[in-house]
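Undergrad: Below is the file input31.txt, with compact mmCIF, C-alpha atoms.
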```txt
# COMPACT_ATOMS: atom_id res chain seq x y z
CA MET S 22 -5.62 -3.14 20.10
CA ALA S 23 -8.77 -2.79 18.06
CA ASP S 24 -8.56 -1.22 14.63
CA PRO S 25 -9.98 2.33 15.01
CA LEU S 26 -11.60 2.05 11.61
CA GLU S 27 -13.50 -1.04 12.70
CA GLU S 28 -14.51 0.64 15.94
CA ASP S 29 -15.86 3.56 13.94
CA ALA S 30 -17.93 1.19 11.80
CA ASP S 31 -19.18 -0.70 14.86
CA ALA S 32 -20.15 2.48 16.67
CA ALA S 33 -22.09 3.72 13.68
CA GLY S 34 -23.65 0.29 13.29
CA ALA S 35 -24.87 0.32 16.88
CA ALA S 36 -26.49 3.71 16.39
CA ALA S 37 -28.96 2.78 13.69
CA PRO S 38 -29.68 -0.23 11.54
CA ARG S 39 -28.19 -0.05 8.10
CA GLN S 40 -30.36 0.33 5.04
CA ARG S 41 -30.23 -2.69 2.74
CA PHE S 42 -30.16 -2.45 -1.04
CA LEU S 43 -31.13 -4.84 -3.79
CA LEU S 44 -28.51 -4.50 -6.49
CA ASP S 45 -29.47 -4.79 -10.15
CA ASP S 46 -27.10 -5.37 -13.04
CA THR S 47 -26.29 -1.89 -14.35
CA GLY S 48 -24.69 -3.07 -17.58
CA PHE S 49 -21.19 -2.73 -16.20
CA ASP S 50 -19.20 -5.24 -18.26
CA GLU S 51 -15.64 -5.11 -16.92
CA VAL S 52 -15.88 -7.85 -14.31
CA PRO S 53 -17.27 -11.41 -14.44
CA LYS S 54 -21.08 -11.56 -14.62
CA LYS S 55 -21.54 -12.68 -11.00
CA TYR S 56 -19.87 -9.45 -9.76
CA ARG S 57 -21.34 -6.91 -12.18
CA ARG S 58 -24.12 -5.66 -9.89
CA PHE S 59 -21.50 -4.36 -7.45
CA TYR S 60 -20.21 -1.76 -9.89
CA ARG S 61 -21.45 0.90 -12.25
CA LYS S 62 -20.04 3.69 -14.37
CA TRP S 63 -19.97 7.23 -13.01
CA GLN S 64 -22.20 9.26 -15.32
CA GLY S 65 -20.44 12.58 -14.71
CA ALA S 66 -22.07 15.89 -13.79
CA GLY S 67 -25.63 15.26 -12.66
CA ASP S 68 -24.89 11.80 -11.27
CA THR S 69 -25.18 11.27 -7.52
CA LEU S 70 -24.02 8.57 -5.16
CA ALA S 71 -26.53 6.52 -3.17
CA PRO S 72 -25.79 5.74 0.53
CA ASN S 73 -24.44 2.33 -0.56
CA GLU S 74 -22.01 3.75 -3.15
CA VAL S 75 -18.52 5.27 -3.26
CA ILE S 76 -16.19 6.15 -6.13
CA CYS S 77 -12.94 4.27 -6.52
CA PRO S 78 -10.19 6.92 -6.39
CA VAL S 79 -7.91 4.76 -8.55
CA CYS S 80 -10.10 3.97 -11.56
CA LYS S 81 -13.20 6.18 -10.97
CA VAL S 82 -15.75 3.36 -11.15
CA VAL S 83 -18.70 3.51 -8.72
CA ILE S 84 -18.52 0.72 -6.13
CA ARG S 85 -21.85 -0.55 -4.76
CA SER S 86 -22.66 -2.53 -1.66
CA SER S 87 -25.82 -4.38 -0.64
CA ARG S 88 -25.91 -2.29 2.53
CA GLU S 89 -25.54 1.34 3.44
CA LEU S 90 -21.86 2.27 3.72
CA ARG S 91 -20.36 3.83 6.83
CA PRO S 92 -16.90 5.10 7.78
CA GLY S 93 -14.55 2.21 8.45
CA ASP S 94 -16.23 -0.19 6.00
CA ARG S 95 -14.02 -2.12 3.65
CA VAL S 96 -14.94 -2.26 -0.03
CA TYR S 97 -13.24 -3.79 -3.04
CA CYS S 98 -12.88 -2.36 -6.50
CA MET S 99 -12.66 -5.42 -8.74
CA PRO S 100 -12.17 -3.51 -12.03
CA CYS S 101 -8.84 -2.15 -10.74
CA MET S 102 -8.30 -4.75 -7.98
CA SER S 103 -8.03 -2.25 -5.12
CA ARG S 104 -8.93 -2.69 -1.47
CA LEU S 105 -10.47 0.46 -0.05
CA VAL S 106 -11.69 1.84 3.24
CA VAL S 107 -14.65 4.21 3.50
CA VAL S 108 -13.98 7.48 5.31
CA ARG S 109 -16.06 10.57 6.00
CA THR S 110 -14.65 13.77 4.52
CA GLU S 111 -14.68 17.16 6.22
CA ALA S 112 -17.60 18.04 3.97
CA GLY S 113 -19.55 15.14 5.51
CA THR S 114 -19.59 12.98 2.41
CA LEU S 115 -18.30 9.42 2.17
CA GLU S 116 -15.13 8.74 0.25
CA ALA S 117 -13.03 5.63 -0.39
CA ARG S 118 -9.29 5.59 0.34
CA VAL S 119 -6.91 2.93 -0.90
CA ALA S 120 -5.74 0.51 1.82
CA TYR S 121 -2.47 -0.92 0.58
CA MET O 28 -9.21 -39.13 -0.36
CA SER O 29 -9.72 -35.83 1.36
CA GLY O 30 -11.82 -33.31 -0.53
CA ARG O 31 -11.41 -29.56 -0.50
CA SER O 32 -14.64 -27.70 -0.08
CA THR O 33 -15.09 -24.44 -1.91
CA PRO O 34 -16.78 -21.84 0.27
CA ALA O 35 -19.96 -20.36 -1.16
CA PRO O 36 -19.47 -16.79 -2.41
CA PRO O 37 -20.60 -14.21 0.16
CA THR O 38 -23.80 -12.28 -0.48
CA ASP O 39 -21.80 -9.09 -0.69
CA ILE O 40 -18.49 -9.14 -2.52
CA HIS O 41 -17.07 -6.70 0.03
CA ASP O 42 -17.32 -9.39 2.72
CA LEU O 43 -14.54 -11.40 1.05
CA ASP O 44 -11.40 -11.94 3.03
CA PRO O 45 -8.57 -9.72 1.59
CA GLN O 46 -6.46 -12.73 0.60
CA GLN O 47 -9.47 -14.40 -1.04
CA PHE O 48 -10.08 -11.18 -2.96
CA LEU O 49 -6.49 -11.11 -4.25
CA GLU O 50 -6.62 -14.79 -5.23
CA GLU O 51 -9.82 -14.12 -7.14
CA VAL O 52 -8.79 -10.99 -9.07
CA HIS O 53 -5.27 -12.17 -9.86
CA SER O 54 -6.47 -15.27 -11.63
CA PHE O 55 -6.82 -16.21 -15.27
CA ASP O 56 -10.47 -17.15 -14.67
CA PHE O 57 -11.23 -13.64 -13.47
CA TRP O 58 -9.35 -12.07 -16.38
CA PHE O 59 -11.01 -14.31 -18.95
CA GLU O 60 -14.55 -13.67 -17.69
CA ALA O 61 -13.85 -9.94 -17.38
CA VAL O 62 -12.54 -9.40 -20.92
CA GLU O 63 -15.20 -11.69 -22.35
CA GLY O 64 -17.75 -9.10 -21.22
CA TYR O 65 -16.41 -6.31 -23.39
CA LEU O 66 -14.30 -7.91 -26.11
CA SER O 67 -16.50 -10.70 -27.34
CA GLY O 68 -17.91 -10.02 -30.80
CA LEU O 69 -15.29 -7.39 -31.67
CA THR O 70 -12.91 -7.53 -34.62
CA HIS O 71 -9.60 -5.76 -34.11
CA GLY O 72 -11.05 -4.08 -31.01
CA HIS O 73 -14.24 -2.66 -32.57
CA LYS O 74 -17.66 -3.82 -33.74
CA PRO O 75 -17.32 -5.12 -37.29
CA ASP O 76 -20.18 -2.92 -38.54
CA THR O 77 -19.02 0.39 -37.06
CA PRO O 78 -18.76 2.80 -39.98
CA GLU O 79 -15.46 4.43 -40.92
CA ALA O 80 -15.60 8.22 -40.53
CA VAL O 81 -14.38 10.49 -43.30
CA LEU O 82 -11.24 12.21 -41.99
CA GLY O 83 -9.51 15.20 -43.54
CA ASP O 84 -5.83 14.79 -44.54
CA VAL O 85 -4.47 16.73 -41.57
CA GLU O 86 -6.75 15.00 -39.07
CA ARG O 87 -5.84 11.60 -40.48
CA ASP O 88 -2.12 12.38 -40.40
CA GLN O 89 -2.30 13.53 -36.78
CA LEU O 90 -4.27 10.45 -35.78
CA ILE O 91 -1.59 8.27 -37.41
CA THR O 92 1.13 10.02 -35.38
CA VAL O 93 -0.84 9.57 -32.17
CA LEU O 94 -1.51 5.88 -32.88
CA CYS O 95 2.18 5.33 -33.71
CA ASN O 96 3.06 6.66 -30.28
CA TYR O 97 0.39 4.50 -28.65
CA CYS O 98 2.17 1.56 -30.32
CA VAL O 99 5.48 2.61 -28.75
CA GLY O 100 3.86 2.78 -25.30
CA GLU O 101 2.17 -0.58 -25.75
CA THR O 102 5.38 -2.21 -26.98
CA ALA O 103 7.19 -0.84 -23.92
CA ALA O 104 4.52 -2.30 -21.63
CA LEU O 105 4.48 -5.62 -23.53
CA GLU O 106 8.23 -6.05 -23.25
CA GLY O 107 8.30 -4.69 -19.70
CA ALA O 108 5.45 -6.85 -18.36
CA SER O 109 6.84 -10.02 -19.94
CA GLY O 110 10.28 -9.33 -18.44
CA LEU O 111 8.79 -8.63 -15.04
CA ILE O 112 7.18 -12.07 -14.76
CA ALA O 113 10.58 -13.63 -14.07
CA ILE O 114 11.32 -11.31 -11.15
CA ALA O 115 7.79 -11.01 -9.72
CA PRO O 116 7.96 -11.81 -6.01
CA ASN O 117 5.01 -14.20 -5.83
CA ARG O 118 2.63 -16.38 -7.81
CA LEU O 119 -0.26 -13.90 -7.81
CA ALA O 120 1.93 -11.17 -9.30
CA LYS O 121 3.28 -13.59 -11.92
CA VAL O 122 -0.22 -14.68 -12.95
CA PHE O 123 -1.47 -11.09 -13.06
CA LEU O 124 1.48 -9.99 -15.21
CA SER O 125 0.88 -12.86 -17.59
CA THR O 126 -2.65 -11.51 -18.17
CA GLN O 127 -1.19 -8.03 -18.62
CA VAL O 128 1.19 -9.36 -21.28
CA VAL O 129 -1.82 -10.68 -23.22
CA ASP O 130 -3.61 -7.34 -22.84
CA GLU O 131 -0.58 -5.37 -24.06
CA GLY O 132 -0.08 -7.69 -27.04
CA ARG O 133 -3.75 -7.16 -27.95
CA HIS O 134 -3.43 -3.38 -27.62
CA LEU O 135 -0.43 -3.30 -29.91
CA GLU O 136 -2.24 -5.44 -32.45
CA VAL O 137 -5.46 -3.38 -32.51
CA PHE O 138 -3.53 -0.11 -32.86
CA LEU O 139 -1.49 -1.56 -35.75
CA HIS O 140 -4.73 -2.70 -37.41
CA ARG O 141 -6.16 0.77 -36.98
CA LEU O 142 -3.07 2.21 -38.70
CA ARG O 143 -3.64 -0.17 -41.62
CA ASP O 144 -7.32 0.87 -41.77
CA LEU O 145 -6.12 4.46 -42.08
CA GLY O 146 -4.03 3.55 -45.12
CA VAL O 147 -0.61 2.99 -43.54
CA ALA O 148 1.00 0.29 -45.68
CA ASP O 149 3.84 -0.62 -43.31
CA PRO O 150 2.75 0.27 -39.77
CA ASP O 151 5.93 -1.02 -38.10
CA SER O 152 8.16 1.33 -40.13
CA GLU O 153 5.72 4.17 -39.64
CA VAL O 154 5.83 3.68 -35.85
CA GLU O 155 9.60 3.86 -35.94
CA ARG O 156 9.53 6.98 -38.11
CA ARG O 157 6.98 8.92 -36.06
CA ALA O 158 7.82 7.79 -32.51
CA SER O 159 8.21 10.57 -29.98
CA ARG O 160 11.77 10.95 -28.67
CA SER O 161 10.65 11.35 -25.06
CA LEU O 162 8.54 8.19 -25.22
CA GLN O 163 11.42 6.23 -26.76
CA LEU O 164 13.70 7.42 -23.95
CA PHE O 165 11.05 6.40 -21.42
CA LYS O 166 10.81 2.94 -23.00
CA ARG O 167 14.58 2.50 -22.93
CA ARG O 168 14.77 3.48 -19.27
CA LEU O 169 11.87 1.21 -18.31
CA LEU O 170 13.50 -1.78 -20.00
CA GLU O 171 16.79 -0.98 -18.25
CA LEU O 172 14.98 -1.13 -14.89
CA VAL O 173 13.44 -4.48 -15.86
CA ALA O 174 16.79 -5.85 -17.07
CA GLY O 175 18.35 -4.64 -13.80
CA LYS O 176 15.74 -6.74 -11.93
CA ASP O 177 14.59 -3.71 -9.96
CA TRP O 178 11.04 -4.89 -9.23
CA GLU O 179 9.77 -1.83 -7.36
CA ALA O 180 11.26 0.76 -9.71
CA ALA O 181 10.14 -1.12 -12.82
CA ILE O 182 6.58 -1.60 -11.52
CA PHE O 183 6.51 2.09 -10.64
CA ALA O 184 7.72 3.13 -14.10
CA GLN O 185 5.47 0.75 -15.97
CA ASN O 186 2.25 0.19 -14.00
CA VAL O 187 2.07 3.49 -12.19
CA ILE O 188 3.67 6.09 -14.47
CA LEU O 189 3.19 4.68 -18.00
CA GLU O 190 -0.19 3.09 -17.35
CA SER O 191 -1.54 6.20 -15.60
CA LEU O 192 -0.48 8.29 -18.56
CA GLU O 193 -2.09 5.89 -21.03
CA PHE O 194 -5.27 5.59 -18.96
CA ALA O 195 -5.67 9.38 -18.85
CA VAL O 196 -4.78 10.00 -22.50
CA PHE O 197 -6.81 7.13 -23.98
CA HIS O 198 -9.85 8.06 -21.91
CA SER O 199 -9.64 11.68 -23.03
CA HIS O 200 -8.98 10.79 -26.68
CA ALA O 201 -11.95 8.40 -26.75
CA GLN O 202 -14.30 11.32 -26.00
CA THR O 203 -13.46 13.06 -29.28
CA ALA O 204 -12.24 10.24 -31.53
CA ASP O 205 -13.91 8.89 -34.68
CA PRO O 206 -16.29 5.96 -33.92
CA ILE O 207 -13.87 3.10 -34.69
CA THR O 208 -10.94 4.63 -32.80
CA ARG O 209 -13.31 5.38 -29.90
CA GLU O 210 -14.40 1.74 -29.64
CA VAL O 211 -10.81 0.52 -29.83
CA LEU O 212 -9.74 2.97 -27.10
CA SER O 213 -12.71 2.14 -24.85
CA GLY O 214 -11.72 -1.53 -24.79
CA VAL O 215 -8.11 -0.65 -24.06
CA VAL O 216 -9.10 1.70 -21.20
CA LYS O 217 -11.04 -1.15 -19.56
CA ASP O 218 -7.88 -3.27 -19.58
CA GLU O 219 -5.81 -0.36 -18.28
CA ARG O 220 -7.94 -0.15 -15.12
CA ARG O 221 -6.50 -3.48 -14.02
CA HIS O 222 -2.95 -2.45 -14.87
CA ILE O 223 -2.97 0.83 -12.94
CA GLY O 224 -4.69 -0.80 -9.98
CA PHE O 225 -2.16 -3.60 -9.83
CA GLY O 226 0.77 -1.16 -9.97
CA GLU O 227 -0.51 1.22 -7.33
CA ASN O 228 -1.57 -1.53 -4.91
CA GLU O 229 1.57 -3.62 -5.35
CA LEU O 230 3.83 -0.63 -4.84
CA GLY O 231 1.70 0.72 -1.99
CA ARG O 232 2.04 -2.60 -0.14
CA ARG O 233 5.81 -2.62 -0.75
CA LEU O 234 6.24 0.93 0.49
CA ARG O 235 4.24 0.15 3.60
CA VAL O 236 6.52 -2.72 4.65
CA SER O 237 9.80 -1.35 3.22
CA PRO O 238 9.70 2.43 3.55
CA HIS O 239 13.41 2.65 2.75
CA ILE O 240 12.66 2.08 -0.95
CA ARG O 241 10.78 5.39 -1.08
CA SER O 242 13.84 7.51 -1.85
CA ARG O 243 14.91 5.22 -4.72
CA ILE O 244 11.41 5.36 -6.24
CA GLY O 245 11.43 9.12 -5.75
CA GLN O 246 14.60 9.30 -7.86
CA VAL O 247 13.00 7.24 -10.63
CA LYS O 248 9.99 9.55 -10.58
CA LYS O 249 12.24 12.59 -10.86
CA GLU O 250 14.07 11.02 -13.77
CA LEU O 251 10.94 9.98 -15.68
CA ASP O 252 8.43 12.72 -14.87
CA HIS O 253 9.57 15.16 -17.53
CA LEU O 254 9.57 12.43 -20.22
CA VAL O 255 5.98 11.55 -19.33
CA LEU O 256 4.83 15.16 -19.26
CA GLU O 257 6.59 15.91 -22.58
CA THR O 258 4.91 12.88 -24.15
CA LEU O 259 1.55 14.01 -22.79
CA GLU O 260 2.03 17.53 -24.20
CA GLU O 261 3.05 16.19 -27.61
CA THR O 262 0.10 13.80 -27.83
CA MET O 263 -2.43 16.37 -26.74
CA ARG O 264 -1.03 18.82 -29.30
CA HIS O 265 -1.48 16.25 -32.08
CA LEU O 266 -5.03 15.62 -30.89
CA GLY O 267 -5.75 19.35 -30.91
CA SER O 268 -6.91 19.27 -27.30
CA PRO O 269 -7.50 22.55 -25.46
CA ARG O 270 -4.94 23.75 -22.93
CA ASP O 271 -7.16 23.09 -19.91
CA GLU O 272 -7.46 19.44 -20.99
CA HIS O 273 -3.62 19.14 -20.97
CA GLU O 274 -3.64 20.45 -17.41
CA ARG O 275 -6.49 18.18 -16.32
CA LEU O 276 -4.67 15.13 -17.67
CA GLY O 277 -1.42 16.23 -16.06
CA ARG O 278 -3.24 16.35 -12.73
CA ALA O 279 -4.88 12.97 -13.34
CA TYR O 280 -1.47 11.45 -13.99
CA LEU O 281 -0.07 12.97 -10.81
CA GLU O 282 -2.98 11.78 -8.63
CA SER O 283 -1.82 8.16 -8.44
CA VAL O 284 1.79 9.03 -7.62
CA GLU O 285 0.55 11.47 -4.98
CA ARG O 286 -1.60 8.76 -3.39
CA LEU O 287 1.60 6.74 -3.01
CA GLY O 288 3.12 9.69 -1.17
CA PHE O 289 5.26 11.22 -3.92
CA PRO O 290 4.74 14.96 -4.26
```
Would you kindly transcribe this structure into structure tokens?
TA:
Amino acid sequence: MADPLEEDADAAGAAAPRQRFLLDDTGFDEVPKKYRRFYRKWQGAGDTLAPNEVICPVCKVVIRSSRELRPGDRVYCMPCMSRLVVVRTEAGTLEARVAY
Amino acid sequence: MSGRSTPAPPTDIHDLDPQQFLEEVHSFDFWFEAVEGYLSGLTHGHKPDTPEAVLGDVERDQLITVLCNYCVGETAALEGASGLIAIAPNRLAKVFLSTQVVDEGRHLEVFLHRLRDLGVADPDSEVERRASRSLQLFKRRLLELVAGKDWEAAIFAQNVILESLEFAVFHSHAQTADPITREVLSGVVKDERRHIGFGENELGRRLRVSPHIRSRIGQVKKELDHLVLETLEETMRHLGSPRDEHERLGRAYLESVERLGFP
């Protein structure tokens, strides 16, 4: 049986091409240099998430991808070593949940 | 001779295979390159030229008490993590814990140095004299779980409960601390991210495949919760934090245990 999360991601993927993002180093220094562009610090009130970003619920770092994120996508938080799955909340926003 | 080819890293880190990801983050190479980013150039956990703030007598005394208790927590984690290596169920967990042992030893050392900077002549005796009773009880119980070779309960007590408490308290304290203490705490918080993540993910995986351990972990939580919350209250009182900050930190501590399904 197919994983429903993957189906969700595939369905969304078929609907519209994903936006691509060029990731710059944001000065995040908690992972090896080659991985730094995939993370940034949450700046608190006034900060917003781009379509390629979610917050890690475990350690609160912002996780970045080179493509637009959609429900069902898998992302990794290297600073706290968590595997996460992107979900859409009732409010319509994207959120990451830990996948143990 | 047959060679082993190393696959090129994917363009996006999130494309890694889950096992490849675990092999990468639970390695000494990863740890070394990660800590190099934020610890290189520091002396005793802070920039050598960061100026010492002038603290009043009461403020200084309260900071000493708080740092003494941080030393108790770090000693508990140092002894706990080193004991857990022997009973860790696989190589990746053993390697990760060995990096945690180094982190905890560093934390203890930088806090003891900070106590000396603040004029404490014999930090080890001072830690013993000022240590919170609830934190000492927590430490004793944690080390009993480790000695009893109870992997799940000990990881829960150490890397979920204790580390979540430390992560929340250190992060909050760093916002209002004097410049040197702030730098020391910021470095420690960056290490703590790895420790809380390891604990929650390891235990989450265990609970998924062995749901019968849930009730035993629930008992440990019940037993240790009040010690953690008492320690939190005491520390926040010494730091002079407002009431709503106590509550916010209490909630932050509970978030990780709730994610694991413990109300």
Undergrad: Considering all atoms listed in the file, state which residue in the set S:Ala37, S:Cys98, S:Leu43, S:Val52 is at the smallest distance from Asn73 in chain S.
TA: S:Leu43
Undergrad: State, in Å with one decimal place, the distance from CA of Asp130 in chain O to CA of Val93 in chain O.
TA: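 Result for CA of Asp130 in chain O versus CA of Val93 in chain O: 19.5 Å, one decimal.
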Undergrad: Counting only C-alpha atoms, what is within 8 Å of Ala158 in chain O, bar same-chain residues fewer than 6 positions away, as a list in words?
TA: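 So the residues in contact are Thr92, Cys95, Asn96 and Val99 of chain O.
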Undergrad: Could you name the residues that touch range 224-231 of chain O at 10 Å or less, counting all atoms listed in the file, but leaving out those on the same chain fewer than 4 positions away, as a VMD selection string?
TA: (chain S and resid 79 to 80 98 to 104 119 to 121) or (chain O and resid 52 to 53 120 123 to 124 127 178 to 188 190 to 191 219 to 220 235 to 238 241 244 283 to 284 286 to 288)
Undergrad: I'd like to know which of O:Trp58, O:Phe197, O:Phe165, O:Tyr65 is closest to Val128 in chain O, using only C-alpha atoms.
TA: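 Closest residue, counting only C-alpha atoms: O:Trp58.
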Undergrad: Which residues, written as an NGL selection string, have at least one atom at most 10 Å from Glu60 in chain O, with only C-alpha atoms counted and residues fewer than 3 positions away on the same chain left out?
TA: (:S and (50-55)) or (:O and (55-57 or 63-65))
Undergrad: Counting all atoms listed in the file, figure out which residue out of O:Ser213, O:Gln246, O:Thr262, O:Asn117 gets nearest to chain S.
TA: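 With all atoms listed in the file as the atom set, the closest residue is O:Ser213.
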Undergrad: Need to verify the contact set: range 77-80 of chain O, 9 Å, all atoms listed in the file, exclusion of same-chain residues closer than 4 positions in sequence. Can you return it as a ChimeraX atom specification?
TA: /O:73,144,205-207,210
Undergrad: Could you work out how far CA of Arg58 in chain S lies from CA of Glu111 in chain S, giving the answer in Å with one decimal?
TA: 29.5 Å
Undergrad: For each of O:Pro150, O:Lys217, O:Ser125, O:Tyr97, take the minimum atom-to-atom distance to chain S, counting all atoms listed in the file, then give the residue where this is smallest.
TA: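 Using all atoms listed in the file, chain S sits closest to O:Lys217.
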Undergrad: For Gly65 in chain S, list every protein, DNA or RNA residue within 12 Å, evaluated using only C-alpha atoms, and leave out those in the same chain fewer than 4 positions away; present the list as a PDB file with C-alpha atoms, in the coordinates of the input.
TA:
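Generated output (out_6.pdb):
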```pdb
ATOM      1  CA  ARG S  61     -21.450   0.900 -12.250  1.00  0.00           C
ATOM      2  CA  THR S  69     -25.180  11.270  -7.520  1.00  0.00           C
ATOM      3  CA  LEU S  70     -24.020   8.570  -5.160  1.00  0.00           C
ATOM      4  CA  ILE S  76     -16.190   6.150  -6.130  1.00  0.00           C
ATOM      5  CA  LYS S  81     -13.200   6.180 -10.970  1.00  0.00           C
ATOM      6  CA  VAL S  82     -15.750   3.360 -11.150  1.00  0.00           C
ATOM      7  CA  VAL S  83     -18.700   3.510  -8.720  1.00  0.00           C
TER       8      VAL S  83
END
```
Undergrad: Please indicate the distance in Å from CA of Pro269 in chain O to CA of Asp88 in chain O, rounded to one decimal place.
TA: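 Taking CA of Pro269 in chain O and CA of Asp88 in chain O, their separation equals 18.9 Å.
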Undergrad: Of the candidates O:Ile114, O:Val196, O:Leu234, O:Ala201, which one gets nearest to Asp177 in chain O if we count only C-alpha atoms?
TA: O:Ile114
Undergrad: So which one's closest to chain O, S:Pro38, S:Val106, S:Val96, S:Asp46? Using all atoms listed in the file, please.
TA: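 Ranking S:Pro38, S:Val106, S:Val96, S:Asp46 by distance to chain O, first place goes to S:Val96.
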Undergrad: Tell me which residues come within 8 Å of (-13.0, -4.3, 4.0), as a ChimeraX atom specification, counting only C-alpha atoms in the file's coordinates.
TA: /S:94-97,104-106 /O:41-45
Undergrad: Can you give me N, CA and C atoms for range 100-117 of chain O, written as a PDB file, keeping the file's coordinate frame?
TA:
```
ATOM      1  N   GLY O 100       4.202   2.986 -26.717  1.00  0.00           N
ATOM      2  CA  GLY O 100       3.860   2.780 -25.300  1.00  0.00           C
ATOM      3  C   GLY O 100       3.443   1.340 -25.043  1.00  0.00           C
ATOM      4  N   GLU O 101       2.642   0.789 -25.940  1.00  0.00           N
ATOM      5  CA  GLU O 101       2.170  -0.580 -25.750  1.00  0.00           C
ATOM      6  C   GLU O 101       3.308  -1.594 -25.898  1.00  0.00           C
ATOM      7  N   THR O 102       4.228  -1.309 -26.818  1.00  0.00           N
ATOM      8  CA  THR O 102       5.380  -2.210 -26.980  1.00  0.00           C
ATOM      9  C   THR O 102       6.240  -2.175 -25.721  1.00  0.00           C
ATOM     10  N   ALA O 103       6.410  -0.970 -25.165  1.00  0.00           N
ATOM     11  CA  ALA O 103       7.190  -0.840 -23.920  1.00  0.00           C
ATOM     12  C   ALA O 103       6.545  -1.673 -22.821  1.00  0.00           C
ATOM     13  N   ALA O 104       5.220  -1.560 -22.691  1.00  0.00           N
ATOM     14  CA  ALA O 104       4.520  -2.300 -21.630  1.00  0.00           C
ATOM     15  C   ALA O 104       4.532  -3.804 -21.903  1.00  0.00           C
ATOM     16  N   LEU O 105       4.441  -4.186 -23.175  1.00  0.00           N
ATOM     17  CA  LEU O 105       4.480  -5.620 -23.530  1.00  0.00           C
ATOM     18  C   LEU O 105       5.827  -6.223 -23.149  1.00  0.00           C
ATOM     19  N   GLU O 106       6.886  -5.535 -23.556  1.00  0.00           N
ATOM     20  CA  GLU O 106       8.230  -6.050 -23.250  1.00  0.00           C
ATOM     21  C   GLU O 106       8.512  -5.967 -21.746  1.00  0.00           C
ATOM     22  N   GLY O 107       8.064  -4.875 -21.136  1.00  0.00           N
ATOM     23  CA  GLY O 107       8.300  -4.690 -19.700  1.00  0.00           C
ATOM     24  C   GLY O 107       7.566  -5.730 -18.884  1.00  0.00           C
ATOM     25  N   ALA O 108       6.257  -5.908 -19.156  1.00  0.00           N
ATOM     26  CA  ALA O 108       5.450  -6.850 -18.360  1.00  0.00           C
ATOM     27  C   ALA O 108       5.973  -8.280 -18.528  1.00  0.00           C
ATOM     28  N   SER O 109       6.362  -8.641 -19.745  1.00  0.00           N
ATOM     29  CA  SER O 109       6.840 -10.020 -19.940  1.00  0.00           C
ATOM     30  C   SER O 109       8.153 -10.225 -19.192  1.00  0.00           C
ATOM     31  N   GLY O 110       9.024  -9.214 -19.182  1.00  0.00           N
ATOM     32  CA  GLY O 110      10.280  -9.330 -18.440  1.00  0.00           C
ATOM     33  C   GLY O 110      10.083  -9.369 -16.935  1.00  0.00           C
ATOM     34  N   LEU O 111       9.035  -8.703 -16.494  1.00  0.00           N
ATOM     35  CA  LEU O 111       8.790  -8.630 -15.040  1.00  0.00           C
ATOM     36  C   LEU O 111       8.284  -9.950 -14.449  1.00  0.00           C
ATOM     37  N   ILE O 112       7.709 -10.802 -15.285  1.00  0.00           N
ATOM     38  CA  ILE O 112       7.180 -12.070 -14.760  1.00  0.00           C
ATOM     39  C   ILE O 112       8.288 -12.854 -14.038  1.00  0.00           C
ATOM     40  N   ALA O 113       9.471 -12.852 -14.637  1.00  0.00           N
ATOM     41  CA  ALA O 113      10.580 -13.630 -14.070  1.00  0.00           C
ATOM     42  C   ALA O 113      11.010 -13.127 -12.691  1.00  0.00           C
ATOM     43  N   ILE O 114      10.845 -11.836 -12.440  1.00  0.00           N
ATOM     44  CA  ILE O 114      11.320 -11.310 -11.150  1.00  0.00           C
ATOM     45  C   ILE O 114      10.165 -10.974 -10.195  1.00  0.00           C
ATOM     46  N   ALA O 115       8.932 -11.279 -10.609  1.00  0.00           N
ATOM     47  CA  ALA O 115       7.790 -11.010  -9.720  1.00  0.00           C
ATOM     48  C   ALA O 115       7.958 -11.804  -8.432  1.00  0.00           C
ATOM     49  N   PRO O 116       7.656 -11.180  -7.281  1.00  0.00           N
ATOM     50  CA  PRO O 116       7.960 -11.810  -6.010  1.00  0.00           C
ATOM     51  C   PRO O 116       7.037 -12.948  -5.578  1.00  0.00           C
ATOM     52  N   ASN O 117       5.908 -13.119  -6.238  1.00  0.00           N
ATOM     53  CA  ASN O 117       5.010 -14.200  -5.830  1.00  0.00           C
ATOM     54  C   ASN O 117       4.139 -14.668  -6.996  1.00  0.00           C
TER      55      ASN O 117
END
```
